[in-house]
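Input: a single structure, listed below in structure tokens.
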Amino acid sequence: MKKRLIVTTACLAMTAAALSGCGGLASAGQAETQAEASEASAQSQAGGTDTSAESTDAASSDAGTADGEVTLEYFNVKSEVVGIYDTLISKFEEENPGIKIEQVNDPDPTTVLQTRMSTNDMPDILSHWATDPVFKEMVNNDMLLDITDQDFLSNVKPDMLDTVKYDGKVYCLPISTNTAGVFYNKDIFDQNGIEIPTTYEELVNVCKTLQDKGITPLAMFNQDSHAGQLLEMLMVTDLSDEEKDFSSILDGSMKVSDDAGFKSAAGKLIELNQYSQEDSFGTTYEQAISDFANGQTAMIIGGIWMIPTINEDNADLNYSTFALPASEGTETKVAYQNDHCLAISSSCEHKDEALKFLSFMSQQENAQYYADNDGSPSYISGVESNVEESKPLLGYFDEEGKIAIWPDQLWQPGMYNEMNGYADELVQSGDVDTYLENIQSVLSGEN
Amino acid sequence: MYNFRHLKRLIPFFLFTVPAVLLYIIFIIYPLANGLYYSLTDWNGVSRTYNFVGLGNYFDVFKSNRSVMIILRTIIYALVLTAVCTVLSVILAILLNPKRRGQSFFRFVFFFPAVCSSITIGLIFNQVFSNLLPSIGKALGIKFLSASLLSSSKTAMAAILLINAWKEVAIPTVLAIAGLQTIPEEIIESAKIDGATSRQTFWKVTLPLLMPTISIIIILIFRDGLMVFDYIQATTGGGPGFSTMSIAVQIYQHAFSEMKFAYSSAESTLAFILISLIAVVQLKITKMKD
């Protein structure tokens with residue numbers, strides 16, 4: 001009898017211990033479970049998504065806990081603006097007692113989001129890019145709330161709102177557009193008597209001059225796919241008709257080799273990388289921005305979304321931007337796309353509260369705060385662009401035909417990773433022909 | 001009559017296996033079957049609809065040059081890892097087997113990596129390769145070390161092999177020590193009496209008797225090498241370019257980053273078949289040696 005008692009107690013104790021392990025996940029911090037989810041999904045192979053679903057399910061069941069108080073999860077894919085949102089969310093919570101918003105920003109947010117998409121565990125509110133192929137997937141699969149009839153959309157500039165409509169319906173509140181160019185350190189340029197280049201050839205000369213003087217011309221974050229991004233900017237300046245090119249290559253009516261722009265862009269990428277810092281492949285995005293902000297490199301080529309980070313790294317830096325110039329005789333264009341939008345998932349349990357947050361973000365004063373700290377042109381009426389550094393690039397938006405959408409917005413979802421990988425290979429090997437063959441097979445779907 | 005009572009006695013034992021079997025079915029059999037099912041479709045991992053495409057995904061894997069290259073690269077990586085780690089673990093076992101001062105301490109030191117999680121090891125070594133070694137290289141003026149070994153497509157895979165080997169030798173060393181201890185002292189002594197030198201004793205007596213253990217070690221390491229994932233994911237993610245891409249990382253990226261979930265399921269089924277075949281072949285070889 002005594003033995004039986006001991007055995008039974010031991011079994012119950014083991015079961016209790018095992019089950020408390022499951023419950024423990026729910027009480028761990030939201031961010032921790034998200035990190036576990038991404039780690040778990042990193043460790044499991046395809047088809048084993050159950051482990052990540054387990055921990056994220058526990059996380060989302062936390063929403064709406066305290067009596068009367070509603071907690072919403074805001075999944076932010078844009079890490080540069082986490083600080084901006086912390087301030088805005090505090091303000092929103094003051095104005096709306098009873099609604100709490102928890103901002104979540106994971107490393108590798110797009111992969112985490114995709115896992116959550118496939119396990120039907122969408123966050124209440126999420127940020128994304130309104131013309132991105134993955135966003136289109138979410139729209140096509142009814143994962144996002146249709147907000148076409150919401151009043152606060154009247155705060156958005158009408159013709160800009162049209163650019164983010166799908167079949168006449170609106171699925172997100174667009175916040176800002178981005179663009180990209182060359183950031184340069186004004187002090188270094190002045191001290192060395194360098195003028196802003198207006199053609200690509202002049203830019204290369206500027207790099208040579210700087211290098212001869214012992215100053216690193218460009219900061220490259222090749223560990224974080226800078227090669228792919230820079231190559232897209234070069235495609236914008238070099239391809240004859242970017243949108244037509246890509247849609248033709250994707251449906252097979254054209255080949256990569258039919259437009260010499262691809263070859264010249266590839267060549268330029270290799271050339272510009274010769275003027276980067278040593279070990280560019282060991283440099284992360286954050287490190288490269290820090291190098292530029294601290295005056296160790298004269299320039300960095302990238303998007304204006306870097307502005308908040310540059311300012312955080314060094315508020316005293318005297319810098320500005322100029323457009324990445326096209327070759328002599330070709331017109332310079334700048335890349336753009338919707339940089340940031342807010343959407344609500346169709347499975348959100350507290351839609352009214354979530355809509356209140358979107359409405360809050362569409363108010364002119366809040367959008368102005370965002371624009372002042374982020375530096376990107378806003379979609380909201382009445383918001384002025386006060387960030388001096390990005391003004392040279394924003395000028396291109398006022399003229400016809402001087403802006404072109406980022407090439408990756410024209411690709412199929414999922415091609416982005418492969419194109420970046422091949423861009424890395426291009427820089428490492430210097431082999432343009434293999435690169436062209438590789439992207440041909442990716443874009444035509446033969447890979 | 002006899003059979004019935006016999007079975008009744010066994011019921012408690014069966015009941016004890018139920019939890020384990022249930023977990024196995026839920027977390028291993030079900031995803032496996034699910035994966036097989038999806039591999040016959042064109043599901044991209046996210047959309048609500050998909051179509052059946054039969055074995056189309058499987059044919060696509062063989063048609064893709066990049067997939068074939070990655071399979072070859074992973075196999076070569078596994079071969080090199082097996083060779084390096086087997087030799088190292090046998091050497092370590094011979095050094096750690098005989099009783100000497102500090103034996104327990106050194107055994108602990110070399111076994112310790114086995115209890116660390118491979119992701120943690122990968123993350124720590126990532127910092128070592130990215131920051132620590134280049135600082136040392138720059139200070140001492142060694143050009144080779146001045147850049148991160150993980151950032152050049154020529155050296156990245158070798159660096160990952162180093163990280164992998166650090167943990168991989170731990171358990172084989174323990175197995176080899178156990179294997180050495182099963183060799184009867186008399187055989188070694190009689191070899192010495194017959195005039196064999198240490199080296200002859202090792203090659204002609206110890207090693208052949210250690211073969212069964214070594215065969216197991218080879219199977220374990222080769223399989224781990226083929227499935228290498230954690231170290232790559234924690235350091236380079238398959239880059240720079242695709243130079244550190246292994247089968248497992250490719251499967252993961254296809255499923256979760258490139259929206260090719262069904263294609264990725266087909267790849268994993270093929271990987272499963274490949275690894276099973278290799279395991280069968282290795283088992284046959286060890287049976288022959290016995």
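In the structure tokens, the first chain shown is A, the next is B, and so on; residue numbers restart at 1 for each chain, and ligands run from 1 in the order shown.
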List every residue of chain B that has an atom at most 9 Å from any atom of chain A, giving for each one its closest atom pair and the distance in Å to one decimal, counting only C-alpha atoms, sorted by chain and then by ascending residue number, as a Markdown table.
| residue | atom | partner | partner_atom | distance |
| --- | --- | --- | --- | --- |
| B:Phe27 | CA | A:Gly48 | CA | 7.5 |
| B:Ile28 | CA | A:Gly48 | CA | 8.1 |
| B:Pro31 | CA | A:Gly47 | CA | 5.4 |
| B:Leu32 | CA | A:Gly47 | CA | 6.9 |
| B:Ala33 | CA | A:Gly47 | CA | 8.9 |
| B:Asn34 | CA | A:Gly47 | CA | 6.8 |
| B:Gly35 | CA | A:Gly47 | CA | 5.1 |
| B:Leu36 | CA | A:Gly47 | CA | 8.8 |
| B:Tyr38 | CA | A:Gly47 | CA | 8.6 |
| B:Gly45 | CA | A:Ser118 | CA | 5.8 |
| B:Val46 | CA | A:Ser118 | CA | 4.6 |
| B:Ser47 | CA | A:Asn141 | CA | 5.6 |
| B:Arg48 | CA | A:Asn141 | CA | 6.0 |
| B:Thr49 | CA | A:Asn141 | CA | 8.4 |
| B:Asp60 | CA | A:Asn447 | CA | 8.2 |
| B:Val61 | CA | A:Asn447 | CA | 8.9 |
| B:Lys63 | CA | A:Asn447 | CA | 8.2 |
| B:Ser64 | CA | A:Asn447 | CA | 5.6 |
| B:Asn65 | CA | A:Asn447 | CA | 7.6 |
| B:Arg66 | CA | A:Asn447 | CA | 7.6 |
| B:Ser67 | CA | A:Asn447 | CA | 8.8 |
| B:Ile119 | CA | A:Gln43 | CA | 8.7 |
| B:Ser130 | CA | A:Gly282 | CA | 6.6 |
| B:Ser146 | CA | A:Asp279 | CA | 8.5 |
| B:Ala147 | CA | A:Asp279 | CA | 5.5 |
| B:Ser148 | CA | A:Gly282 | CA | 5.9 |
| B:Leu149 | CA | A:Gly282 | CA | 8.6 |
| B:Leu150 | CA | A:Gly282 | CA | 7.4 |
| B:Ser151 | CA | A:Phe281 | CA | 4.9 |
| B:Ser152 | CA | A:Phe281 | CA | 7.1 |
| B:Ser153 | CA | A:Gln428 | CA | 7.1 |
| B:Phe229 | CA | A:Gln43 | CA | 7.7 |
| B:Asp230 | CA | A:Gln43 | CA | 6.8 |
| B:Gln233 | CA | A:Ala42 | CA | 7.4 |
| B:Thr236 | CA | A:Gln223 | CA | 8.3 |
| B:Gly238 | CA | A:Gly421 | CA | 8.7 |
| B:Gly239 | CA | A:Gly421 | CA | 7.0 |
| B:Pro240 | CA | A:Asp424 | CA | 6.0 |
| B:Gly241 | CA | A:Glu425 | CA | 4.3 |
| B:Phe242 | CA | A:Gly421 | CA | 6.1 |
| B:Ser243 | CA | A:Glu425 | CA | 8.3 |
| B:Ala248 | CA | A:Gln45 | CA | 7.2 |
| B:Val249 | CA | A:Gln45 | CA | 8.7 |
| B:Ile251 | CA | A:Ala46 | CA | 6.6 |
| B:Tyr252 | CA | A:Ala46 | CA | 6.0 |
| B:Gln253 | CA | A:Asn417 | CA | 8.6 |
| B:His254 | CA | A:Gly414 | CA | 8.1 |
| B:Ala255 | CA | A:Ala46 | CA | 6.2 |
| B:Phe256 | CA | A:Thr111 | CA | 6.1 |
| B:Ser257 | CA | A:Thr111 | CA | 5.9 |
| B:Glu258 | CA | A:Gly414 | CA | 3.5 |
| B:Met259 | CA | A:Gly414 | CA | 5.3 |
| B:Lys260 | CA | A:Gly414 | CA | 7.6 |
| B:Phe261 | CA | A:Ala46 | CA | 7.4 |
| B:Ser264 | CA | A:Ala46 | CA | 6.7 |
| B:Ser265 | CA | A:Ala46 | CA | 6.1 |
| B:Ser268 | CA | A:Ala46 | CA | 7.2 |
Task: For stretch 199-201 of chain A: contacts at 9 Å, only C-alpha atoms, fewer than 4 positions along chain excluded, given as a VMD selection string - done: chain A and resid 205 to 206 268 324 to 330 332
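The residue set within 8 Å of B:Ile247, counting only C-alpha atoms and dropping same-chain residues fewer than 5 places from it, reads Ile70, Ile71, Thr74, Leu226, Met227, Val228 and Ala271 of chain B.
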- [ ] For atom CA of A:Gln229 and atom CA of A:Glu202, determine how far apart the two atoms are, in Å to one decimal place.
- [x] 21.3 Å
- [ ] Check the smallest atom-to-atom distance from each of B:Tyr37, B:Ser104, B:Ile193, B:Ser89 to B:Trp166 using only C-alpha atoms, then report the winner.
- [x] B:Ser89
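Between atom CA of B:Leu161 and atom CA of B:Ile214 lies a distance of 20.1 Å.
Proximity of B:Thr41, B:Asn97, B:Asn126, B:Asn3 to B:Thr182, computed with only C-alpha atoms, is greatest for B:Asn97.
Counting only C-alpha atoms, the residue from B:Pro113, B:Gly54, B:Gly237, B:Pro184 that sits nearest to B:Ala170 is B:Pro113.
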TODO: Name all residues at most 9 Å from B:Ile136 (count only C-alpha atoms; drop same-chain ones fewer than 5 positions away) and give them as a PyMOL selection string.
DONE: chain B and resi 131+141-142+145-146
Can those selected residues be exported to a file as an mmCIF file, in the first residue's frame so that it contains all heavy atoms?
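The result, stored in part23.cif:
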data_model
loop_
_atom_site.group_PDB
_atom_site.id
_atom_site.type_symbol
_atom_site.label_atom_id
_atom_site.label_comp_id
_atom_site.auth_asym_id
_atom_site.auth_seq_id
_atom_site.Cartn_x
_atom_site.Cartn_y
_atom_site.Cartn_z
ATOM 1 N N ASN B 131 34.590 39.554 -33.820
ATOM 2 C CA ASN B 131 35.233 40.634 -33.081
ATOM 3 C C ASN B 131 36.562 40.242 -32.446
ATOM 4 O O ASN B 131 37.565 40.927 -32.589
ATOM 5 C CB ASN B 131 34.290 41.142 -31.980
ATOM 6 C CG ASN B 131 33.012 41.695 -32.581
ATOM 7 O OD1 ASN B 131 33.041 42.327 -33.610
ATOM 8 N ND2 ASN B 131 31.884 41.427 -31.943
ATOM 9 N N GLY B 141 49.212 41.899 -36.344
ATOM 10 C CA GLY B 141 49.587 42.110 -37.732
ATOM 11 C C GLY B 141 49.439 40.880 -38.618
ATOM 12 O O GLY B 141 50.073 40.777 -39.656
ATOM 13 N N ILE B 142 48.610 39.924 -38.212
ATOM 14 C CA ILE B 142 48.389 38.743 -39.047
ATOM 15 C C ILE B 142 47.274 39.054 -40.026
ATOM 16 O O ILE B 142 46.126 39.212 -39.645
ATOM 17 C CB ILE B 142 47.993 37.530 -38.178
ATOM 18 C CG1 ILE B 142 49.014 37.323 -37.069
ATOM 19 C CG2 ILE B 142 47.870 36.278 -39.021
ATOM 20 C CD1 ILE B 142 48.597 36.243 -36.098
ATOM 21 N N LEU B 145 43.997 36.822 -40.168
ATOM 22 C CA LEU B 145 42.969 36.884 -39.123
ATOM 23 C C LEU B 145 42.299 38.245 -39.030
ATOM 24 O O LEU B 145 41.355 38.408 -38.287
ATOM 25 C CB LEU B 145 43.607 36.584 -37.761
ATOM 26 C CG LEU B 145 43.715 35.125 -37.320
ATOM 27 C CD1 LEU B 145 44.291 35.061 -35.917
ATOM 28 C CD2 LEU B 145 42.359 34.455 -37.317
ATOM 29 N N SER B 146 42.810 39.233 -39.772
ATOM 30 C CA SER B 146 42.315 40.603 -39.558
ATOM 31 C C SER B 146 40.862 40.783 -39.970
ATOM 32 O O SER B 146 40.179 41.658 -39.466
ATOM 33 C CB SER B 146 43.181 41.607 -40.316
ATOM 34 O OG SER B 146 44.487 41.572 -39.804
#
- [ ] Mind listing the helix (DSSP H, G or I) residues of stretch 207-385 of chain A, per DSSP on the backbone, as a VMD selection string?
- [x] chain A and resid 207 to 212 222 to 224 226 to 238 242 to 251 256 to 258 260 to 273 280 to 282 285 to 293 304 to 313 351 to 361 364 to 374
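The coordinates place atom CA of B:Leu88 at 22.3 Å from atom CA of B:Arg73.
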Tell me, counting only C-alpha atoms, for each residue of stretch 214-238 of chain A within 10 Å of stretch 174-193 of chain A, which pair of atoms is nearest and how far apart they are in Å to one decimal, in rows ordered by chain and increasing number, as CSV.
residue,atom,partner,partner_atom,distance
A:Ile215,CA,A:Ile188,CA,8.9
A:Pro217,CA,A:Tyr184,CA,9.4
A:Leu218,CA,A:Tyr184,CA,9.2
A:Gln229,CA,A:Ala180,CA,9.9
A:Leu230,CA,A:Ala180,CA,9.6
A:Met233,CA,A:Ala180,CA,7.8
TODO: Compile the contact shell of A:Glu365 as an MDAnalysis selection string: residues with an atom at most 10 Å away, counting only C-alpha atoms, same-chain residues fewer than 6 positions apart removed.
DONE: chainID A and resid 371 380 382:383
